[in-house]
Amino acid sequence: MGFRPGTDIRDHDILRSQVSGEQLHIIESRLDVVGGKPFQQMAFYKTDRELRDEGTATVTTPPTFHIENATNSIIGTQASATINIGASLTELRAYIDELNSPDAAELCDLVDAVEAMVTGNQQPEQGILGRFFGVMQRNSWITGPIGAALVTWLTHR
């Protein structure tokens, strides 16, 4: 899963899904860099079931907090927390502007089309994103944030 750059997510952290209550054990965390700039903090996890199936025992240790940047963060051991995963469409536009890419105009058009769908200003139609195939193929990093925005919209309608 992807988090905003600077999010304090580390190996051996344990996250709890707000929907299913399932625990997600972070097995690896690394920074994803696009165009020489931090794009997202990637976290790879295993579920309790996957760990049991592997025969791997997990040891619960008291939490350790490594606080470097507390913006948009949750600190402590709250029973329930919501973390916005992925970039907002506004942040995505700002990132596109910073890249100075020759595809910047098309990338912004893609973000505008997705925003029109998720805000209800445009009805989704079959093939609506097809015209952006080429720009998404050349800039594959954008498919994650766009997909996340669409999945969030579909699951919260």
# chains A, B, ... in the order shown; residues from 1 in each chain; ligands from 1
$ residues_around --residues "segment 100-103 of chain A" --least-positions-apart "2" --cutoff "10 Å" --atoms "only C-alpha atoms" --output "number ranges by chain"
A: 35, 95-98, 105-109, 134-136, 138-139
$ write_last_selection --atoms "N, CA and C atoms" --output "mmCIF file, in the first residue's frame"
data_model
loop_
_atom_site.group_PDB
_atom_site.id
_atom_site.type_symbol
_atom_site.label_atom_id
_atom_site.label_comp_id
_atom_site.auth_asym_id
_atom_site.auth_seq_id
_atom_site.Cartn_x
_atom_site.Cartn_y
_atom_site.Cartn_z
ATOM 1 N N GLY A 35 10.894 10.557 -10.878
ATOM 2 C CA GLY A 35 11.499 11.775 -11.402
ATOM 3 C C GLY A 35 12.478 12.400 -10.434
ATOM 4 N N TYR A 95 2.143 17.945 -7.994
ATOM 5 C CA TYR A 95 3.276 17.083 -8.319
ATOM 6 C C TYR A 95 3.545 17.101 -9.824
ATOM 7 N N ILE A 96 2.474 17.069 -10.619
ATOM 8 C CA ILE A 96 2.629 17.118 -12.078
ATOM 9 C C ILE A 96 3.305 18.430 -12.484
ATOM 10 N N ASP A 97 2.902 19.537 -11.869
ATOM 11 C CA ASP A 97 3.516 20.833 -12.170
ATOM 12 C C ASP A 97 5.004 20.832 -11.837
ATOM 13 N N GLU A 98 5.379 20.185 -10.734
ATOM 14 C CA GLU A 98 6.786 20.133 -10.317
ATOM 15 C C GLU A 98 7.631 19.307 -11.271
ATOM 16 N N ALA A 105 0.257 18.641 -19.571
ATOM 17 C CA ALA A 105 -1.106 19.059 -19.934
ATOM 18 C C ALA A 105 -2.048 17.854 -19.987
ATOM 19 N N GLU A 106 -1.597 16.766 -20.611
ATOM 20 C CA GLU A 106 -2.435 15.562 -20.691
ATOM 21 C C GLU A 106 -2.654 14.943 -19.314
ATOM 22 N N LEU A 107 -1.604 14.943 -18.469
ATOM 23 C CA LEU A 107 -1.741 14.402 -17.118
ATOM 24 C C LEU A 107 -2.765 15.210 -16.317
ATOM 25 N N CYS A 108 -2.714 16.539 -16.462
ATOM 26 C CA CYS A 108 -3.697 17.385 -15.768
ATOM 27 C C CYS A 108 -5.101 17.150 -16.305
ATOM 28 N N ASP A 109 -5.232 16.925 -17.629
ATOM 29 C CA ASP A 109 -6.538 16.598 -18.208
ATOM 30 C C ASP A 109 -7.073 15.292 -17.624
ATOM 31 N N GLY A 134 -2.183 6.412 -23.706
ATOM 32 C CA GLY A 134 -0.789 6.702 -24.044
ATOM 33 C C GLY A 134 -0.054 7.427 -22.936
ATOM 34 N N VAL A 135 -0.682 8.452 -22.381
ATOM 35 C CA VAL A 135 -0.016 9.233 -21.324
ATOM 36 C C VAL A 135 0.129 8.394 -20.056
ATOM 37 N N MET A 136 -0.824 7.512 -19.780
ATOM 38 C CA MET A 136 -0.694 6.643 -18.601
ATOM 39 C C MET A 136 0.383 5.587 -18.832
ATOM 40 N N ARG A 138 3.099 6.057 -20.674
ATOM 41 C CA ARG A 138 4.388 6.751 -20.573
ATOM 42 C C ARG A 138 4.693 7.187 -19.145
ATOM 43 N N ASN A 139 3.654 7.379 -18.332
ATOM 44 C CA ASN A 139 3.802 7.854 -16.952
ATOM 45 C C ASN A 139 3.087 6.882 -16.022
#
$ residues_around --residues "Gln40 of chain A" --least-positions-apart "4" --cutoff "8 Å" --atoms "only C-alpha atoms" --output "VMD selection string"
chain A and resid 2 to 5 31 to 33 86
$ residues_around --residues "segment 140-149 of chain A" --least-positions-apart "3" --cutoff "8 Å" --atoms "only C-alpha atoms" --output "ChimeraX atom specification"
/A:34,86-89,92,111,114,118,136-137,152-153
$ atom_distance --atom1 "atom CA of Thr90 of chain A" --atom2 "atom CA of Lys37 of chain A"
17.3 Å
$ closest_residue --among "A:Ala113, A:Thr155, A:Gln23, A:Gln18" --to "Ile128 of chain A" --atoms "only C-alpha atoms"
A:Ala113
$ atom_distance --atom1 "atom CA of Phe39 of chain A" --atom2 "atom CA of Leu154 of chain A"
24.0 Å
$ closest_residue --among "A:Arg93, A:His25, A:His156, A:Arg16" --to "Leu51 of chain A" --atoms "only C-alpha atoms"
A:His25
